[in-house]
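Novice: Sending over a structure as structure tokens; questions will come in a sec.
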Amino acid sequence: MKIKTTSLIASCLSTFLFVIAAPSAHAKLVKYELNVTRQSVNLSGMKTVDFALMVNGSIPAPTLEFTEGDDAEITVNNRLSDEEVSIHWHGILLPPLEDGVAYVNTPPIHAGQSRTFRFKIRQHGTYWYHSHTAVQEQKGVYGAFIIHPKKKTIAYDKDVVVVLSDWSDENADDIIKNLRKDGEYYAFKKGTIRSWTGAIQAGKLGTFLHNEWTRMGGMDLSDVGYDAFLINGKRDSQLLTAHPGEKLRLRIINAAASSYFYVSLGQAPMKVISADGVDIDPVLAKEVLMGMAETIDVLFEIPQHKNYELRATVQDVTGHASGWIGMGEKVAAPDKPYPDLYASMDHGAHADHGAAGDHSGHGAASGDHSAHASASGGDHSTMDHSTMDHSKMDHSTMDHSAHGTADDHSAHAAGGAKTPAKKGRAKAAKPAERQAPLRTVVSLTVDEIKAPVKTAFPAKTPRYDLKLVLGGDMERYVWHINGKAIHQDRTITINEGDVVRFTFQNDTMMHHPMHLHGHFFRVVNRFGDESPLKHTVDVPPHGSRTIEFLANEPGEWMLHCHNLYHMKTGMARVVKYSTFTPSPEIAPHQKHDPHLHDHLYTYGKLEAATNHGEANLRLTRTWDDLDVRAELRNPARGSFDYSQSWELEGDLFYRRWFGQYLNVIAGGQSYDETATATVGIGYLLPMLVETNVLVDHKGKWRVDLEKKFQWTSTLYSDIDFTWRPNLEPDHQSEFELTLMYAPKWEWAAGLMLTNYSLGLGLEYQF
């Protein structure tokens, strides 16, 4: 009897173990190995460079393919000898330790070392992966991450992976240094310099003057002057030979470091069926404006024996990449007109995106980051979002609104106790609804994207609202959120179970693609309850977007602008769950997080003329400058008389900036063989006039005024005037007026007139 009882217990135990192990047993383990190396490449067709970083010997990196429900195991081998690397799985729902942001939630992969990432594939769609270390993404560390559904719900014959990117023959380490020297550094290379002559020729002198009066130089569409734009690593190539009647799914990924693209296909509208990996209500679009890190899926049926151009044109229209699909006669995509460099930059000229479609009745508060306050009000939700858990998403219908795994983080009840996630699947759209005529737009943005089912949250869910102001200074090239760079204000703390709402207010003249790791969020648009789910959203110049998500993925997650250079100069935060404790594997690394460092950059300028010489050096961080200036003048009047003694003066000023226009100054100056301690204020006046008002320890005042006039794309004048009212009349004022020819940013030559004499000179910036 004892033997029978023991046997029965063993049998039951075996059956139990089989049942609980069954889901894992059916999951497929998919393995990849990625080797990061440095190699020489020529992607522009103009120059071979030696700084490129390749993954398995290619740019872009290999496409990784999975099926929803798979177990992913990806080993990244750092074959570099002198720098660490990282890989972030963009848009993938996974544990924070596997997210891949070095020092934030994943340890760095040091030179010569490896790391194996393991996570369950909980979704399907078009995604990608890239480095999150330094500026390695710009150097080539990016690739596609494709997840197929368990059951195919959309009929098509072939997948076509399309990876868009930008490429520079200049090392990206130098690009960020150049931008910190001057935010307009690459305007010469791109041919986008605004000038008085250009404004007159365009009939926009009034607008040009208005922009200068309001201290805005004009629309900034792109920071970097690139040497090539690429599709799958090539400027122009045949993507696929396809026959009439074949239906293709184009999986388009904007993997560029800092370029928005207008994407178009031949002369016909594209049928867009997915955005950021999430199925959407299909829409026809002549073109799609894609921000960095966004993805779209397009269905395209080859209509006839022709070869259709898929064209990605960079937003400032300085170049494009082409990929051809089909066979036979080529059908080119339409050319994009060049943007108006002299368009009005009135704030009112840009729509307040996101506000019109807000049906929730909750405004965004600008309070502190301790997410304990919750808003209340009339949310028009009808769907119970205890099922809209990131870990319980059904991709066969909606996207990312219902996935089930053992790692399920359910919504919290008001008392803080975890409630079971409701079971079931989101309902598929009815066949009749799918047959409805497709909406058609000229240029598709998130404003025109609609979810196929309701995505809104119930009113009873606790809420936390936060306003995030996106700001920056293009001249000094610093970018920040709520007036602080990430090194000043790293963390936004939220509570698990809350609906978290961020309202992005863009106070700059650039688009910012804002990306939240580890989550999908609703972009509240005019479709209200059917607002779409995304992981990256474009926030247009002087506009706003509102996003909201259910906080059900505990961890620490980056929130940042996906313009690589904006993120690296401060436009980022870490969203941290209040109850989350970092694992021992990452905790020791977090104190070394490079996001917490305020990096130092340099700028220098030398002037040498027959009557004048000057040297300037600036050491700069986000809000701090150290300016050193030494100037030598020939006091000869009316002739080049070198027998007279040359006058030497100089400044050593520390500047602390408070926003884009105001700074305070402390330091010393030397003039007329007298050195004094000095304090003062610097301010940028309307018409972009730079001013300093200074007083030394002897009570003597000094006022500096400086203004640059860009007459043509290569001809400019600098006017520099200094007034010292406490000195003798013949020493009270001095000025310098130049007329310079500058074919490149680095150097210029021309005339330099001082209050003493006229001279010929050269200027060199570095």
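Residue names in the structure tokens use chain letters A, B, ... in the order shown, residue numbers from 1 in each chain, and ligand numbers from 1 in the order shown.
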Mind checking which residues fall within 8 Å of region 223-227 of chain A, counting only C-alpha atoms, ignoring those fewer than 6 positions away in the same chain, and posting them as an mmCIF file with N, CA, C and O atoms, in the first residue's frame?
Specialist:
data_model
loop_
_atom_site.group_PDB
_atom_site.id
_atom_site.type_symbol
_atom_site.label_atom_id
_atom_site.label_comp_id
_atom_site.auth_asym_id
_atom_site.auth_seq_id
_atom_site.Cartn_x
_atom_site.Cartn_y
_atom_site.Cartn_z
ATOM 1 N N SER A 44 30.083 56.530 -48.499
ATOM 2 C CA SER A 44 29.675 57.742 -49.212
ATOM 3 C C SER A 44 30.075 57.716 -50.677
ATOM 4 O O SER A 44 29.568 58.501 -51.475
ATOM 5 N N ASP A 166 21.768 57.773 -41.778
ATOM 6 C CA ASP A 166 22.604 58.867 -42.268
ATOM 7 C C ASP A 166 24.069 58.527 -42.009
ATOM 8 O O ASP A 166 24.398 57.811 -41.066
ATOM 9 N N TRP A 167 24.939 59.044 -42.850
ATOM 10 C CA TRP A 167 26.346 58.680 -42.753
ATOM 11 C C TRP A 167 27.238 59.891 -42.987
ATOM 12 O O TRP A 167 26.999 60.692 -43.897
ATOM 13 N N SER A 168 28.267 60.023 -42.156
ATOM 14 C CA SER A 168 29.260 61.079 -42.314
ATOM 15 C C SER A 168 30.640 60.455 -42.423
ATOM 16 O O SER A 168 30.964 59.495 -41.702
ATOM 17 N N ASP A 169 31.442 60.998 -43.324
ATOM 18 C CA ASP A 169 32.835 60.574 -43.424
ATOM 19 C C ASP A 169 33.689 61.188 -42.322
ATOM 20 O O ASP A 169 34.894 60.925 -42.247
ATOM 21 N N ILE A 175 32.054 65.208 -34.696
ATOM 22 C CA ILE A 175 30.810 65.903 -35.018
ATOM 23 C C ILE A 175 30.248 66.592 -33.785
ATOM 24 O O ILE A 175 29.872 67.768 -33.827
ATOM 25 N N LEU A 179 29.673 70.651 -33.169
ATOM 26 C CA LEU A 179 28.390 71.255 -32.834
ATOM 27 C C LEU A 179 28.475 72.077 -31.553
ATOM 28 O O LEU A 179 27.813 73.116 -31.428
ATOM 29 N N GLY A 183 26.585 75.740 -33.111
ATOM 30 C CA GLY A 183 25.450 74.947 -33.559
ATOM 31 C C GLY A 183 25.205 75.029 -35.054
ATOM 32 O O GLY A 183 24.570 74.157 -35.639
ATOM 33 N N GLU A 184 25.725 76.089 -35.705
ATOM 34 C CA GLU A 184 25.572 76.247 -37.154
ATOM 35 C C GLU A 184 26.820 75.793 -37.904
ATOM 36 O O GLU A 184 27.018 76.163 -39.072
ATOM 37 N N TYR A 186 27.696 73.162 -39.447
ATOM 38 C CA TYR A 186 27.539 72.442 -40.709
ATOM 39 C C TYR A 186 26.675 73.174 -41.726
ATOM 40 O O TYR A 186 26.373 72.626 -42.788
ATOM 41 N N ALA A 187 26.293 74.418 -41.432
ATOM 42 C CA ALA A 187 25.489 75.176 -42.384
ATOM 43 C C ALA A 187 26.264 75.438 -43.673
ATOM 44 O O ALA A 187 25.679 75.473 -44.767
ATOM 45 N N LYS A 189 28.516 73.449 -45.040
ATOM 46 C CA LYS A 189 28.553 72.196 -45.800
ATOM 47 C C LYS A 189 27.209 71.909 -46.457
ATOM 48 O O LYS A 189 27.144 71.419 -47.597
ATOM 49 N N LYS A 190 26.124 72.229 -45.753
ATOM 50 C CA LYS A 190 24.791 71.935 -46.279
ATOM 51 C C LYS A 190 24.270 73.008 -47.229
ATOM 52 O O LYS A 190 23.266 72.793 -47.912
ATOM 53 N N SER A 258 20.462 61.491 -36.621
ATOM 54 C CA SER A 258 19.877 62.816 -36.405
ATOM 55 C C SER A 258 19.118 63.336 -37.618
ATOM 56 O O SER A 258 19.047 64.550 -37.822
#
Novice: Region 402-605 of chain A: which residues are strand (DSSP E or B) by DSSP, as JSON, numbers by chain?
Specialist: {"A": [412, 418, 439, 440, 441, 442, 443, 444, 463, 464, 465, 466, 467, 468, 469, 470, 471, 472, 473, 478, 479, 480, 481, 484, 491, 492, 493, 494, 499, 500, 501, 502, 503, 504, 505, 506, 512, 513, 514, 515, 516, 521, 522, 523, 533, 534, 536, 537, 538, 539, 544, 545, 546, 547, 548, 549, 550, 556, 557, 558, 559, 560, 561, 572, 573, 574, 575, 576, 577, 601, 602, 603, 604, 605]}
Novice: What are the DSSP helix (DSSP H, G or I) residues of region 503-599 of chain A, as a list in words?
Specialist: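 Selection result, helix (DSSP H, G or I) within region 503-599 of chain A: Gly528, Asp529, Glu530, Leu564, Tyr565, His566, Met567, Lys568, Ala587, Pro588, His589, Gln590, Pro594, His595 and Leu596 of chain A.
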Novice: Can you spit out the residues from that selection as a PDB file, in the first residue's frame, using C-alpha atoms?
Specialist:
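To be explicit, this is the file written out as part.pdb:
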ATOM      1  CA  GLY A 528      -9.454  60.266 -28.705  1.00  0.00           C
ATOM      2  CA  ASP A 529     -10.216  56.773 -27.389  1.00  0.00           C
ATOM      3  CA  GLU A 530      -8.631  55.280 -30.529  1.00  0.00           C
ATOM      4  CA  LEU A 564      21.696  61.367 -30.899  1.00  0.00           C
ATOM      5  CA  TYR A 565      23.386  64.742 -30.398  1.00  0.00           C
ATOM      6  CA  HIS A 566      20.465  66.228 -28.474  1.00  0.00           C
ATOM      7  CA  MET A 567      20.470  63.270 -26.115  1.00  0.00           C
ATOM      8  CA  LYS A 568      24.225  63.416 -25.631  1.00  0.00           C
ATOM      9  CA  ALA A 587      23.814  48.903  -9.121  1.00  0.00           C
ATOM     10  CA  PRO A 588      27.631  49.325  -8.837  1.00  0.00           C
ATOM     11  CA  HIS A 589      27.804  50.723 -12.382  1.00  0.00           C
ATOM     12  CA  GLN A 590      25.157  53.419 -11.964  1.00  0.00           C
ATOM     13  CA  PRO A 594      28.277  59.086 -18.201  1.00  0.00           C
ATOM     14  CA  HIS A 595      24.846  60.757 -18.367  1.00  0.00           C
ATOM     15  CA  LEU A 596      25.753  62.313 -15.008  1.00  0.00           C
TER      16      LEU A 596
END
Novice: Of the candidates A:Val689, A:Val664, A:Val135, A:Val104, which shows the shortest atom-to-atom distance to Asp174 (chain A), using only C-alpha atoms?
Specialist: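 Comparing A:Val689, A:Val664, A:Val135, A:Val104 against Asp174 (chain A), the winner is A:Val135.
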Novice: Between CA of Asp182 (chain A) and CA of Met474 (chain A), what distance in Å does the model show, to one decimal?
Specialist: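 Answer for the CA of Asp182 (chain A) to CA of Met474 (chain A) separation: 8.0 Å.
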Novice: Which residues are close to Ala228 (chain A), i.e. within 12 Å by only C-alpha atoms, leaving aside same-chain residues fewer than 4 positions away? Reply as a count of residues only.
Specialist: 29
Novice: Need to verify the contact set: region 756-761 of chain A, 6 Å, only C-alpha atoms, exclusion of same-chain residues closer than 4 positions in sequence. Can you return it as a PyMOL selection string?
Specialist: chain A and resi 608-611+635+637-638+749-752
Novice: Suppose we keep N, CA, C and O atoms; can you now write the selection as a PDB file, in the first residue's frame?
Specialist:
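As written to disk, again-v7.pdb reads:
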ATOM      1  N   ALA A 608      44.570  87.531 -37.331  1.00  0.00           N
ATOM      2  CA  ALA A 608      45.866  88.166 -37.600  1.00  0.00           C
ATOM      3  C   ALA A 608      45.697  89.130 -38.758  1.00  0.00           C
ATOM      4  O   ALA A 608      45.291  88.730 -39.860  1.00  0.00           O
ATOM      5  N   ALA A 609      45.963  90.421 -38.502  1.00  0.00           N
ATOM      6  CA  ALA A 609      45.816  91.450 -39.530  1.00  0.00           C
ATOM      7  C   ALA A 609      46.974  92.427 -39.428  1.00  0.00           C
ATOM      8  O   ALA A 609      47.748  92.413 -38.462  1.00  0.00           O
ATOM      9  N   THR A 610      47.096  93.277 -40.421  1.00  0.00           N
ATOM     10  CA  THR A 610      48.191  94.250 -40.426  1.00  0.00           C
ATOM     11  C   THR A 610      48.053  95.273 -39.314  1.00  0.00           C
ATOM     12  O   THR A 610      49.037  95.935 -38.943  1.00  0.00           O
ATOM     13  N   ASN A 611      46.852  95.453 -38.774  1.00  0.00           N
ATOM     14  CA  ASN A 611      46.641  96.441 -37.718  1.00  0.00           C
ATOM     15  C   ASN A 611      46.088  95.840 -36.434  1.00  0.00           C
ATOM     16  O   ASN A 611      45.701  96.573 -35.519  1.00  0.00           O
ATOM     17  N   PRO A 635      48.210 101.292 -32.761  1.00  0.00           N
ATOM     18  CA  PRO A 635      47.532 102.589 -32.612  1.00  0.00           C
ATOM     19  C   PRO A 635      47.827 103.575 -33.733  1.00  0.00           C
ATOM     20  O   PRO A 635      47.373 104.715 -33.686  1.00  0.00           O
ATOM     21  N   ARG A 637      47.488 105.807 -36.796  1.00  0.00           N
ATOM     22  CA  ARG A 637      46.277 106.357 -37.409  1.00  0.00           C
ATOM     23  C   ARG A 637      46.573 106.724 -38.870  1.00  0.00           C
ATOM     24  O   ARG A 637      47.426 107.553 -39.140  1.00  0.00           O
ATOM     25  N   GLY A 638      45.855 106.105 -39.768  1.00  0.00           N
ATOM     26  CA  GLY A 638      45.936 106.471 -41.178  1.00  0.00           C
ATOM     27  C   GLY A 638      47.069 105.817 -41.930  1.00  0.00           C
ATOM     28  O   GLY A 638      47.213 106.025 -43.113  1.00  0.00           O
ATOM     29  N   ALA A 749      38.888  85.517 -44.720  1.00  0.00           N
ATOM     30  CA  ALA A 749      39.883  86.545 -45.035  1.00  0.00           C
ATOM     31  C   ALA A 749      39.166  87.809 -45.477  1.00  0.00           C
ATOM     32  O   ALA A 749      38.084  87.751 -46.073  1.00  0.00           O
ATOM     33  N   GLY A 750      39.780  88.984 -45.164  1.00  0.00           N
ATOM     34  CA  GLY A 750      39.134  90.219 -45.585  1.00  0.00           C
ATOM     35  C   GLY A 750      39.701  91.448 -44.915  1.00  0.00           C
ATOM     36  O   GLY A 750      40.883  91.478 -44.510  1.00  0.00           O
ATOM     37  N   LEU A 751      38.849  92.452 -44.773  1.00  0.00           N
ATOM     38  CA  LEU A 751      39.231  93.751 -44.229  1.00  0.00           C
ATOM     39  C   LEU A 751      38.840  93.845 -42.764  1.00  0.00           C
ATOM     40  O   LEU A 751      37.751  93.403 -42.374  1.00  0.00           O
ATOM     41  N   MET A 752      39.717  94.464 -41.966  1.00  0.00           N
ATOM     42  CA  MET A 752      39.453  94.675 -40.547  1.00  0.00           C
ATOM     43  C   MET A 752      39.736  96.136 -40.223  1.00  0.00           C
ATOM     44  O   MET A 752      40.881  96.586 -40.247  1.00  0.00           O
TER      45      MET A 752
END
